[in-house]
>>> print(open('coords_19.txt').read())   # compact mmCIF, C-alpha atoms
# COMPACT_ATOMS: atom_id res chain seq x y z
CA MET A 1 -0.10 -24.38 -4.86
CA HIS A 2 -2.38 -22.22 -7.02
CA ILE A 3 -0.79 -22.42 -10.49
CA ALA A 4 -3.91 -21.03 -12.20
CA ASP A 5 -3.40 -17.66 -10.51
CA PHE A 6 0.07 -17.32 -12.03
CA VAL A 7 -1.30 -18.02 -15.53
CA SER A 8 -4.39 -15.81 -15.34
CA GLY A 9 -2.44 -13.04 -13.60
CA SER A 10 0.08 -13.06 -16.44
CA ILE A 11 -2.56 -12.73 -19.16
CA GLY A 12 -4.51 -10.14 -17.18
CA GLY A 13 -1.37 -8.04 -16.72
CA ALA A 14 -0.56 -8.11 -20.44
CA CYS A 15 -4.10 -6.97 -21.29
CA GLY A 16 -3.76 -4.14 -18.76
CA VAL A 17 -0.51 -2.92 -20.35
CA ALA A 18 -2.13 -2.74 -23.78
CA VAL A 19 -5.02 -0.65 -22.42
CA GLY A 20 -3.02 1.79 -20.30
CA TYR A 21 0.32 2.30 -22.05
CA PRO A 22 -0.39 5.61 -23.86
CA LEU A 23 -1.45 7.33 -20.63
CA ASP A 24 1.51 5.75 -18.83
CA THR A 25 3.86 7.42 -21.32
CA VAL A 26 2.22 10.81 -20.68
CA LYS A 27 2.47 10.22 -16.92
CA VAL A 28 6.19 9.39 -16.99
CA ARG A 29 6.99 12.45 -19.12
CA ILE A 30 5.09 14.77 -16.78
CA GLN A 31 6.95 13.31 -13.79
CA THR A 32 10.44 13.61 -15.26
CA GLN A 33 10.49 16.46 -17.79
CA LYS A 34 9.71 20.05 -16.85
CA GLN A 35 8.71 21.13 -20.38
CA PHE A 36 5.46 19.22 -19.93
CA THR A 37 3.04 21.19 -17.74
CA GLY A 38 -0.13 19.11 -17.98
CA VAL A 39 -1.80 16.03 -19.44
CA TYR A 40 -3.30 17.71 -22.52
CA GLN A 41 -0.17 19.74 -23.32
CA CYS A 42 2.04 16.65 -22.99
CA ALA A 43 -0.26 14.48 -25.10
CA ALA A 44 -0.62 17.15 -27.80
CA GLU A 45 3.11 17.82 -28.02
CA THR A 46 3.95 14.11 -28.08
CA PHE A 47 1.50 13.53 -30.92
CA SER A 48 2.65 16.54 -32.95
CA LYS A 49 6.36 15.68 -32.71
CA GLU A 50 6.33 11.87 -32.64
CA GLY A 51 2.96 10.76 -33.92
CA VAL A 52 0.92 7.91 -32.43
CA ASN A 53 4.07 5.78 -32.06
CA GLY A 54 5.35 8.26 -29.49
CA PHE A 55 2.76 6.97 -27.00
CA PHE A 56 3.92 3.36 -27.40
CA LYS A 57 7.69 3.75 -27.10
CA GLY A 58 9.29 0.83 -25.29
CA MET A 59 6.05 -1.16 -25.03
CA SER A 60 7.34 -4.54 -26.22
CA LEU A 61 9.62 -5.25 -23.27
CA PRO A 62 7.09 -4.14 -20.61
CA MET A 63 4.47 -6.31 -22.31
CA ALA A 64 6.70 -9.31 -21.63
CA THR A 65 7.96 -8.26 -18.20
CA VAL A 66 4.58 -7.10 -16.89
CA SER A 67 3.16 -10.48 -17.88
CA MET A 68 5.79 -12.05 -15.64
CA THR A 69 5.43 -9.54 -12.81
CA SER A 70 1.65 -9.71 -12.82
CA SER A 71 1.94 -13.48 -12.72
CA VAL A 72 4.22 -13.20 -9.67
CA VAL A 73 1.92 -10.67 -7.96
CA PHE A 74 -1.31 -12.64 -8.33
CA GLY A 75 0.32 -16.02 -7.77
CA THR A 76 2.16 -14.86 -4.64
CA TYR A 77 -0.97 -13.12 -3.36
CA ARG A 78 -3.19 -16.19 -3.72
CA ASN A 79 -0.65 -18.61 -2.26
CA CYS A 80 0.10 -16.29 0.68
CA LEU A 81 -3.62 -16.11 1.41
CA GLN A 82 -3.74 -19.90 1.51
CA CYS A 83 -0.64 -20.16 3.75
CA LEU A 84 -1.93 -17.56 6.23
CA LYS A 85 -5.31 -19.25 6.36
CA GLN A 86 -3.70 -22.62 7.07
CA ALA A 87 -1.42 -21.06 9.70
CA ARG A 88 -4.42 -20.06 11.80
CA GLY A 89 -6.14 -23.42 11.21
CA ALA A 90 -9.03 -22.21 9.07
CA ASP A 91 -8.43 -24.04 5.77
CA TRP A 92 -11.89 -23.45 4.28
CA GLY A 93 -12.94 -20.21 5.94
CA PRO A 94 -12.65 -16.73 4.43
CA ASN A 95 -9.45 -14.76 4.82
CA THR A 96 -9.31 -11.84 7.23
CA LYS A 97 -8.72 -8.30 5.97
CA LEU A 98 -5.26 -8.32 7.58
CA GLU A 99 -4.36 -11.48 5.65
CA VAL A 100 -5.51 -9.87 2.40
CA PHE A 101 -3.45 -6.75 3.16
CA LEU A 102 -0.28 -8.70 4.04
CA SER A 103 -0.63 -11.05 1.06
CA GLY A 104 -1.05 -8.09 -1.29
CA MET A 105 2.07 -6.48 0.16
CA ALA A 106 4.02 -9.74 -0.27
CA GLY A 107 2.92 -9.93 -3.90
CA GLY A 108 3.99 -6.35 -4.56
CA VAL A 109 7.44 -6.82 -3.02
CA ALA A 110 8.02 -10.24 -4.64
CA GLN A 111 7.78 -8.93 -8.19
CA ILE A 112 10.46 -6.22 -7.84
CA SER A 113 13.35 -8.45 -8.95
CA VAL A 114 11.52 -9.28 -12.17
CA MET A 115 9.98 -5.86 -12.78
CA SER A 116 12.85 -3.43 -12.21
CA PRO A 117 14.92 -4.07 -15.39
CA GLY A 118 11.90 -3.80 -17.68
CA ASP A 119 10.62 -0.75 -15.83
CA ILE A 120 13.81 1.29 -16.21
CA VAL A 121 13.91 0.47 -19.93
CA LYS A 122 10.28 1.56 -20.25
CA VAL A 123 10.92 4.87 -18.48
CA ARG A 124 14.07 5.63 -20.50
CA LEU A 125 12.31 5.00 -23.82
CA GLN A 126 9.16 6.89 -22.81
CA CYS A 127 11.27 9.95 -21.92
CA GLN A 128 13.12 9.82 -25.23
CA THR A 129 11.31 12.62 -27.03
CA GLU A 130 13.53 12.72 -30.14
CA SER A 131 11.82 11.31 -33.21
CA LYS A 132 13.44 8.97 -35.74
CA ARG A 133 11.61 10.77 -38.50
CA GLY A 134 13.30 14.11 -37.66
CA GLY A 135 15.59 15.83 -40.15
CA THR A 136 19.37 15.61 -40.28
CA THR A 137 19.73 18.76 -38.17
CA LEU A 138 17.66 17.39 -35.29
CA PRO A 139 19.13 15.22 -32.49
CA LYS A 140 18.67 11.50 -32.93
CA PRO A 141 17.29 9.14 -30.25
CA LYS A 142 19.93 7.67 -27.93
CA TYR A 143 18.22 4.27 -27.78
CA HIS A 144 17.12 2.35 -30.87
CA GLY A 145 14.70 0.06 -29.05
CA PRO A 146 14.12 -1.95 -25.84
CA VAL A 147 16.98 -4.43 -26.35
CA HIS A 148 19.46 -1.69 -27.33
CA CYS A 149 18.36 0.35 -24.29
CA LEU A 150 18.79 -2.66 -22.00
CA MET A 151 22.27 -3.42 -23.32
CA SER A 152 23.29 0.26 -23.20
CA ILE A 153 22.34 0.53 -19.52
CA VAL A 154 24.34 -2.59 -18.66
CA LYS A 155 27.34 -1.30 -20.67
CA GLU A 156 27.31 2.23 -19.23
CA GLU A 157 26.08 1.63 -15.67
CA GLY A 158 26.75 -2.04 -15.01
CA PHE A 159 24.22 -4.78 -14.29
CA MET A 160 23.02 -3.00 -11.13
CA GLY A 161 22.04 -0.05 -13.31
CA LEU A 162 18.99 -2.12 -14.26
CA TYR A 163 17.92 -1.92 -10.60
CA ARG A 164 18.27 1.83 -10.20
CA GLY A 165 15.12 3.02 -8.45
CA ALA A 166 14.40 -0.44 -7.00
CA LEU A 167 14.01 0.93 -3.43
CA PRO A 168 11.27 3.45 -4.25
CA LEU A 169 9.75 0.82 -6.55
CA MET A 170 9.49 -1.55 -3.57
CA LEU A 171 8.15 1.23 -1.32
CA ARG A 172 5.60 2.03 -4.03
CA ASP A 173 4.42 -1.49 -4.85
CA GLY A 174 4.37 -3.04 -1.36
CA PRO A 175 1.83 -0.62 0.17
CA SER A 176 -0.01 0.03 -3.10
CA TYR A 177 -0.67 -3.66 -3.83
CA ALA A 178 -1.71 -4.19 -0.22
CA THR A 179 -4.24 -1.37 -0.65
CA TYR A 180 -5.15 -2.65 -4.12
CA PHE A 181 -6.18 -6.15 -3.07
CA LEU A 182 -7.80 -5.01 0.18
CA THR A 183 -9.95 -2.48 -1.70
CA TYR A 184 -10.91 -5.02 -4.36
CA THR A 185 -11.84 -7.70 -1.82
CA THR A 186 -13.83 -5.28 0.33
CA ILE A 187 -15.85 -3.88 -2.60
CA CYS A 188 -16.57 -7.36 -3.99
CA GLU A 189 -17.82 -8.50 -0.58
CA TRP A 190 -19.98 -5.40 -0.29
CA LEU A 191 -21.46 -5.89 -3.77
CA SER A 192 -22.25 -9.56 -3.06
CA GLY A 193 -23.92 -8.67 0.25
CA GLY A 194 -21.33 -10.53 2.33
CA SER A 195 -22.28 -13.89 0.80
CA LYS A 196 -19.86 -16.37 -0.79
CA LYS A 197 -21.50 -15.77 -4.16
CA LYS A 198 -19.18 -14.21 -6.71
CA ALA A 199 -19.88 -10.63 -7.82
CA ASP A 200 -21.06 -10.41 -11.43
CA TRP A 201 -18.82 -9.12 -14.23
CA SER A 202 -19.87 -5.49 -13.77
CA GLY A 203 -19.13 -5.70 -10.03
CA VAL A 204 -15.72 -7.25 -10.69
CA MET A 205 -14.85 -4.50 -13.17
CA LEU A 206 -16.08 -1.73 -10.88
CA ALA A 207 -14.16 -3.14 -7.91
CA GLY A 208 -11.04 -3.59 -10.04
CA GLY A 209 -11.19 -0.02 -11.33
CA ILE A 210 -11.64 1.51 -7.87
CA ALA A 211 -8.92 -0.76 -6.44
CA GLY A 212 -6.52 0.48 -9.11
CA MET A 213 -7.26 4.10 -8.25
CA ALA A 214 -6.80 3.41 -4.52
CA GLY A 215 -3.49 1.64 -5.12
CA TRP A 216 -2.11 4.49 -7.24
CA THR A 217 -3.22 7.09 -4.69
CA VAL A 218 -0.94 5.36 -2.20
CA GLY A 219 1.86 4.68 -4.69
CA THR A 220 2.12 7.93 -6.69
CA PRO A 221 4.65 9.80 -4.44
CA MET A 222 7.16 6.94 -4.61
CA ASP A 223 6.43 6.57 -8.33
CA VAL A 224 7.69 10.13 -8.88
CA ILE A 225 10.92 9.44 -6.98
CA LYS A 226 11.41 6.13 -8.80
CA ALA A 227 11.09 7.72 -12.25
CA ARG A 228 13.47 10.56 -11.37
CA LEU A 229 16.15 8.21 -10.05
CA GLN A 230 15.79 6.00 -13.13
CA MET A 231 16.27 8.99 -15.47
CA ASP A 232 18.97 10.72 -13.41
CA GLY A 233 22.16 11.07 -15.44
CA ALA A 234 20.70 9.39 -18.53
CA ARG A 235 20.33 12.62 -20.52
CA GLU A 236 22.11 15.27 -18.44
CA THR A 237 24.41 15.70 -15.45
CA LYS A 238 23.57 13.47 -12.50
CA ARG A 239 21.56 15.49 -9.97
CA TYR A 240 20.76 13.12 -7.11
CA LYS A 241 23.14 11.41 -4.69
CA GLY A 242 20.60 8.80 -3.68
CA PHE A 243 17.05 8.06 -2.55
CA PHE A 244 16.81 10.53 0.35
CA HIS A 245 18.65 13.28 -1.51
CA CYS A 246 16.20 12.91 -4.40
CA ILE A 247 13.24 13.37 -2.02
CA SER A 248 14.73 16.40 -0.25
CA GLU A 249 15.91 18.06 -3.47
CA THR A 250 12.55 17.52 -5.16
CA VAL A 251 10.69 19.08 -2.23
CA ARG A 252 13.17 21.98 -2.00
CA VAL A 253 12.98 22.87 -5.69
CA GLU A 254 9.36 22.07 -6.59
CA GLY A 255 7.48 21.71 -3.31
CA ALA A 256 5.65 18.72 -1.85
CA GLY A 257 2.82 19.07 -4.37
CA VAL A 258 5.04 17.60 -7.09
CA PHE A 259 4.56 14.15 -5.55
CA PHE A 260 0.91 14.23 -6.58
CA ARG A 261 1.25 16.07 -9.89
CA SER A 262 0.61 12.87 -11.82
CA LEU A 263 -2.07 11.48 -9.48
CA GLY A 264 -4.92 12.54 -11.77
CA ILE A 265 -3.54 10.76 -14.82
CA ASN A 266 -2.56 7.74 -12.71
CA CYS A 267 -6.15 7.36 -11.55
CA LEU A 268 -7.49 8.05 -15.05
CA ARG A 269 -5.30 5.26 -16.39
CA ALA A 270 -5.76 2.92 -13.42
CA PHE A 271 -9.53 2.60 -13.67
CA PRO A 272 -9.84 1.06 -17.17
CA VAL A 273 -6.57 -0.86 -16.85
CA ASN A 274 -7.57 -2.62 -13.64
CA MET A 275 -11.13 -3.20 -14.82
CA VAL A 276 -9.57 -5.26 -17.61
CA VAL A 277 -6.93 -6.89 -15.38
CA PHE A 278 -9.35 -8.16 -12.73
CA PHE A 279 -12.04 -9.21 -15.19
CA THR A 280 -9.50 -11.22 -17.22
CA TYR A 281 -7.95 -12.64 -14.06
CA GLU A 282 -11.24 -13.73 -12.47
CA VAL A 283 -12.66 -15.25 -15.65
CA LEU A 284 -9.50 -17.22 -16.49
CA THR A 285 -8.93 -18.33 -12.88
CA GLY A 286 -12.50 -19.63 -12.72
CA PHE A 287 -11.99 -21.70 -15.85
CA LEU A 288 -8.48 -22.94 -15.01
CA GLN A 289 -8.92 -23.94 -11.37
CA ALA A 290 -10.03 -27.43 -10.49
CA GLY A 291 -10.91 -29.28 -7.31
CA PRO A 292 -12.68 -28.18 -4.11
CA GLU A 293 -11.12 -24.70 -4.19
CA ARG A 294 -12.40 -23.96 -7.71
CA VAL A 295 -13.82 -20.46 -7.96
CA GLU A 296 -16.69 -19.87 -10.37
CA PRO A 297 -15.98 -17.11 -12.88
CA PRO A 298 -18.15 -13.99 -12.54
CA PRO A 299 -21.52 -14.43 -14.27
CA LEU A 300 -21.44 -12.58 -17.59
CA GLY A 301 -25.15 -11.86 -17.69
CA PHE A 302 -25.62 -13.09 -21.25
CA GLU A 303 -28.01 -15.89 -20.34
>>> encode(input="coords_19.txt", output="structure tokens")
Amino acid sequence: MHIADFVSGSIGGACGVAVGYPLDTVKVRIQTQKQFTGVYQCAAETFSKEGVNGFFKGMSLPMATVSMTSSVVFGTYRNCLQCLKQARGADWGPNTKLEVFLSGMAGGVAQISVMSPGDIVKVRLQCQTESKRGGTTLPKPKYHGPVHCLMSIVKEEGFMGLYRGALPLMLRDGPSYATYFLTYTTICEWLSGGSKKKADWSGVMLAGGIAGMAGWTVGTPMDVIKARLQMDGARETKRYKGFFHCISETVRVEGAGVFFRSLGINCLRAFPVNMVVFFTYEVLTGFLQAGPERVEPPPLGFE
């Protein structure tokens, strides 16, 4: 079992959250609140009303949960690769593209049970536009922080309220992680000329950035549905009866283009985030692994 992948995936995921959280807040607000018409307008209004802290609302819980989910994703991915390779009797050969795709999908689906509670808390806090520093005449925030938000959801909606939007989350992360790892592996192989030699640090970062953009291109439509179901009824009257009703109502009212309204900012955020995630993951895995399967970390080029 590849324990090193769980550890390095966890640290890589935490680093990625720190890099991409401000743009993630802007993305969620554009997806769920009609008063925000674009990236710049949303960012400017958030800053003017809430200050810099407005971009980091609810970050502490996702920092912890994404560390766990990223650990599950990378650990599941690597161990599935090994199991599939052993199943076809090729213990030391390279994995096929189909094996990479299926292992990535397994990693994406496996982390849903861990990710969903932290994700709904993140979305609720990011969409809370009221500022604590507002005057006495202005509305106050409903949630006082991640723990209060978590407990409020359980109290008002029951424990299963923490898993609202879990179906679109699974339909987002299964295919997107499959695409993510397949893109990363393919680009790394291309950059190394098909040899077993590891791509250097710049190649790893480039492949990671492009893989992140590819994954979000696949996952953005379901990301919109997920965010809307998670926010439904939290601040106003409940609008959607379920997953399929949310899709049909969204298309009827706003058109199919709404599913890709946040694609630009998703890709803008995904490139630097996944550059950092894969670089951290590859370097740490190279140092932590031992034995015949040890993978050398990407050369840093400082020699």
>>> residues_around(input="coords_19.txt", residues="Thr25 in chain A", least_positions_apart="3", cutoff="7 Å", atoms="all atoms listed in the file", output="PyMOL selection string")
chain A and resi 21-22+28-29+55+126
>>> residues_around(input="coords_19.txt", residues="Ser262 in chain A", least_positions_apart="5", cutoff="7 Å", atoms="all atoms listed in the file", output="ChimeraX atom specification")
/A:27,30-31
>>> closest_residue(input="coords_19.txt", among="A:Ala64, A:Val7, A:Val251, A:Met222", to="Asp173 in chain A", atoms="all atoms listed in the file")
A:Met222
>>> residues_around(input="coords_19.txt", residues="Tyr281 in chain A", least_positions_apart="5", cutoff="8 Å", atoms="all atoms listed in the file", output="JSON, numbers by chain")
{"A": [5, 8, 9, 11, 12]}
>>> residues_near_point(input="coords_19.txt", point="(15.2, -6.7, -19.3)", cutoff="12 Å", atoms="all atoms listed in the file", output="NGL selection string")
:A and (58 or 60-66 or 68 or 113-122 or 145-154 or 159-163)
>>> write_last_selection(input="coords_19.txt", atoms="C-alpha atoms", output="short mmCIF file (atom, residue, chain, number, x, y, z; two decimals), keeping the file's coordinate frame")
data_model
loop_
_atom_site.label_atom_id
_atom_site.label_comp_id
_atom_site.auth_asym_id
_atom_site.auth_seq_id
_atom_site.Cartn_x
_atom_site.Cartn_y
_atom_site.Cartn_z
CA GLY A 58 9.29 0.83 -25.29
CA SER A 60 7.34 -4.54 -26.22
CA LEU A 61 9.62 -5.25 -23.27
CA PRO A 62 7.09 -4.14 -20.61
CA MET A 63 4.47 -6.31 -22.31
CA ALA A 64 6.70 -9.31 -21.63
CA THR A 65 7.96 -8.26 -18.20
CA VAL A 66 4.58 -7.10 -16.89
CA MET A 68 5.79 -12.05 -15.64
CA SER A 113 13.35 -8.45 -8.95
CA VAL A 114 11.52 -9.28 -12.17
CA MET A 115 9.98 -5.86 -12.78
CA SER A 116 12.85 -3.43 -12.21
CA PRO A 117 14.92 -4.07 -15.39
CA GLY A 118 11.90 -3.80 -17.68
CA ASP A 119 10.62 -0.75 -15.83
CA ILE A 120 13.81 1.29 -16.21
CA VAL A 121 13.91 0.47 -19.93
CA LYS A 122 10.28 1.56 -20.25
CA GLY A 145 14.70 0.06 -29.05
CA PRO A 146 14.12 -1.95 -25.84
CA VAL A 147 16.98 -4.43 -26.35
CA HIS A 148 19.46 -1.69 -27.33
CA CYS A 149 18.36 0.35 -24.29
CA LEU A 150 18.79 -2.66 -22.00
CA MET A 151 22.27 -3.42 -23.32
CA SER A 152 23.29 0.26 -23.20
CA ILE A 153 22.34 0.53 -19.52
CA VAL A 154 24.34 -2.59 -18.66
CA PHE A 159 24.22 -4.78 -14.29
CA MET A 160 23.02 -3.00 -11.13
CA GLY A 161 22.04 -0.05 -13.31
CA LEU A 162 18.99 -2.12 -14.26
CA TYR A 163 17.92 -1.92 -10.60
#
>>> atom_distance(input="coords_19.txt", atom1="CA of Val258 in chain A", atom2="CA of Val224 in chain A")
8.1 Å
>>> atom_distance(input="coords_19.txt", atom1="CA of Thr37 in chain A", atom2="CA of Glu254 in chain A")
12.8 Å
>>> closest_residue(input="coords_19.txt", among="A:Thr217, A:Gly89, A:Leu191, A:Phe287", to="Arg261 in chain A", atoms="all atoms listed in the file")
A:Thr217
>>> residues_near_point(input="coords_19.txt", point="(-19.7, -1.7, -1.4)", cutoff="12 Å", atoms="all atoms listed in the file", output="PyMOL selection string")
chain A and resi 183-194+199+203-204+206-207+210-211
>>> closest_residue(input="coords_19.txt", among="A:Arg252, A:Lys197, A:Lys34, A:Arg172", to="Ile112 in chain A", atoms="only C-alpha atoms")
A:Arg172
>>> residues_around(input="coords_19.txt", residues="Asp232 in chain A", least_positions_apart="4", cutoff="12 Å", atoms="all atoms listed in the file", output="list in words")
Thr32, Gln33, Ile120, Val123, Arg124, Cys127, Glu157, Gly161, Arg164, Gly165, Ile225, Lys226, Ala227, Arg228, Glu236, Thr237, Lys238, Arg239, Tyr240, Lys241, Gly242, Phe243 and Cys246 of chain A
>>> atom_distance(input="coords_19.txt", atom1="CA of Gly264 in chain A", atom2="CA of Trp216 in chain A")
9.7 Å
>>> residues_around(input="coords_19.txt", residues="Glu45 in chain A", least_positions_apart="4", cutoff="10 Å", atoms="only C-alpha atoms", output="number ranges by chain")
A: 36, 40-41, 49-51, 54, 129
>>> write_last_selection(input="coords_19.txt", atoms="C-alpha atoms", output="compact mmCIF listing (two decimals), in the frame of the given file")
# COMPACT_ATOMS: atom_id res chain seq x y z
CA PHE A 36 5.46 19.22 -19.93
CA TYR A 40 -3.30 17.71 -22.52
CA GLN A 41 -0.17 19.74 -23.32
CA LYS A 49 6.36 15.68 -32.71
CA GLU A 50 6.33 11.87 -32.64
CA GLY A 51 2.96 10.76 -33.92
CA GLY A 54 5.35 8.26 -29.49
CA THR A 129 11.31 12.62 -27.03
>>> build_atoms(input="coords_19.txt", residues="range 186-204 of chain A", atoms="N, CA, C and O atoms", output="mmCIF file, in the coordinates of the input")
data_model
loop_
_atom_site.group_PDB
_atom_site.id
_atom_site.type_symbol
_atom_site.label_atom_id
_atom_site.label_comp_id
_atom_site.auth_asym_id
_atom_site.auth_seq_id
_atom_site.Cartn_x
_atom_site.Cartn_y
_atom_site.Cartn_z
ATOM 1 N N THR A 186 -12.786 -5.936 -0.460
ATOM 2 C CA THR A 186 -13.830 -5.280 0.330
ATOM 3 C C THR A 186 -15.021 -4.878 -0.535
ATOM 4 O O THR A 186 -16.180 -5.097 -0.158
ATOM 5 N N ILE A 187 -14.761 -4.306 -1.706
ATOM 6 C CA ILE A 187 -15.850 -3.880 -2.600
ATOM 7 C C ILE A 187 -16.615 -5.080 -3.134
ATOM 8 O O ILE A 187 -17.856 -5.062 -3.210
ATOM 9 N N CYS A 188 -15.898 -6.144 -3.503
ATOM 10 C CA CYS A 188 -16.570 -7.360 -3.990
ATOM 11 C C CYS A 188 -17.475 -7.959 -2.920
ATOM 12 O O CYS A 188 -18.594 -8.399 -3.211
ATOM 13 N N GLU A 189 -16.994 -7.985 -1.679
ATOM 14 C CA GLU A 189 -17.820 -8.500 -0.580
ATOM 15 C C GLU A 189 -19.043 -7.624 -0.379
ATOM 16 O O GLU A 189 -20.147 -8.130 -0.146
ATOM 17 N N TRP A 190 -18.868 -6.322 -0.462
ATOM 18 C CA TRP A 190 -19.980 -5.400 -0.290
ATOM 19 C C TRP A 190 -21.016 -5.571 -1.404
ATOM 20 O O TRP A 190 -22.229 -5.590 -1.155
ATOM 21 N N LEU A 191 -20.547 -5.736 -2.634
ATOM 22 C CA LEU A 191 -21.460 -5.890 -3.770
ATOM 23 C C LEU A 191 -22.207 -7.225 -3.743
ATOM 24 O O LEU A 191 -23.322 -7.328 -4.270
ATOM 25 N N SER A 192 -21.582 -8.249 -3.145
ATOM 26 C CA SER A 192 -22.250 -9.560 -3.060
ATOM 27 C C SER A 192 -23.034 -9.716 -1.771
ATOM 28 O O SER A 192 -23.548 -10.801 -1.477
ATOM 29 N N GLY A 193 -23.136 -8.637 -0.986
ATOM 30 C CA GLY A 193 -23.920 -8.670 0.250
ATOM 31 C C GLY A 193 -23.313 -9.526 1.341
ATOM 32 O O GLY A 193 -24.020 -10.011 2.226
ATOM 33 N N GLY A 194 -21.998 -9.730 1.295
ATOM 34 C CA GLY A 194 -21.330 -10.530 2.330
ATOM 35 C C GLY A 194 -21.462 -12.021 2.127
ATOM 36 O O GLY A 194 -20.948 -12.802 2.921
ATOM 37 N N SER A 195 -22.127 -12.460 1.058
ATOM 38 C CA SER A 195 -22.280 -13.890 0.800
ATOM 39 C C SER A 195 -21.060 -14.423 0.068
ATOM 40 O O SER A 195 -20.200 -13.668 -0.379
ATOM 41 N N LYS A 196 -20.981 -15.753 -0.081
ATOM 42 C CA LYS A 196 -19.860 -16.370 -0.790
ATOM 43 C C LYS A 196 -20.068 -16.317 -2.304
ATOM 44 O O LYS A 196 -19.190 -16.692 -3.070
ATOM 45 N N LYS A 197 -21.209 -15.857 -2.738
ATOM 46 C CA LYS A 197 -21.500 -15.770 -4.160
ATOM 47 C C LYS A 197 -20.594 -14.735 -4.822
ATOM 48 O O LYS A 197 -20.357 -13.663 -4.296
ATOM 49 N N LYS A 198 -20.088 -15.083 -5.990
ATOM 50 C CA LYS A 198 -19.180 -14.210 -6.710
ATOM 51 C C LYS A 198 -19.921 -12.996 -7.272
ATOM 52 O O LYS A 198 -21.059 -13.109 -7.746
ATOM 53 N N ALA A 199 -19.298 -11.819 -7.194
ATOM 54 C CA ALA A 199 -19.880 -10.630 -7.820
ATOM 55 C C ALA A 199 -19.954 -10.840 -9.327
ATOM 56 O O ALA A 199 -19.139 -11.559 -9.905
ATOM 57 N N ASP A 200 -20.950 -10.238 -9.989
ATOM 58 C CA ASP A 200 -21.060 -10.410 -11.430
ATOM 59 C C ASP A 200 -19.974 -9.603 -12.146
ATOM 60 O O ASP A 200 -19.188 -8.897 -11.521
ATOM 61 N N TRP A 201 -19.929 -9.718 -13.481
ATOM 62 C CA TRP A 201 -18.820 -9.120 -14.230
ATOM 63 C C TRP A 201 -18.750 -7.604 -14.049
ATOM 64 O O TRP A 201 -17.657 -7.047 -13.974
ATOM 65 N N SER A 202 -19.906 -6.940 -13.943
ATOM 66 C CA SER A 202 -19.870 -5.490 -13.770
ATOM 67 C C SER A 202 -19.326 -5.117 -12.392
ATOM 68 O O SER A 202 -18.596 -4.124 -12.238
ATOM 69 N N GLY A 203 -19.667 -5.936 -11.377
ATOM 70 C CA GLY A 203 -19.130 -5.700 -10.030
ATOM 71 C C GLY A 203 -17.630 -5.918 -9.961
ATOM 72 O O GLY A 203 -16.907 -5.152 -9.316
ATOM 73 N N VAL A 204 -17.151 -6.965 -10.638
ATOM 74 C CA VAL A 204 -15.720 -7.250 -10.690
ATOM 75 C C VAL A 204 -14.969 -6.096 -11.352
ATOM 76 O O VAL A 204 -13.921 -5.643 -10.877
#
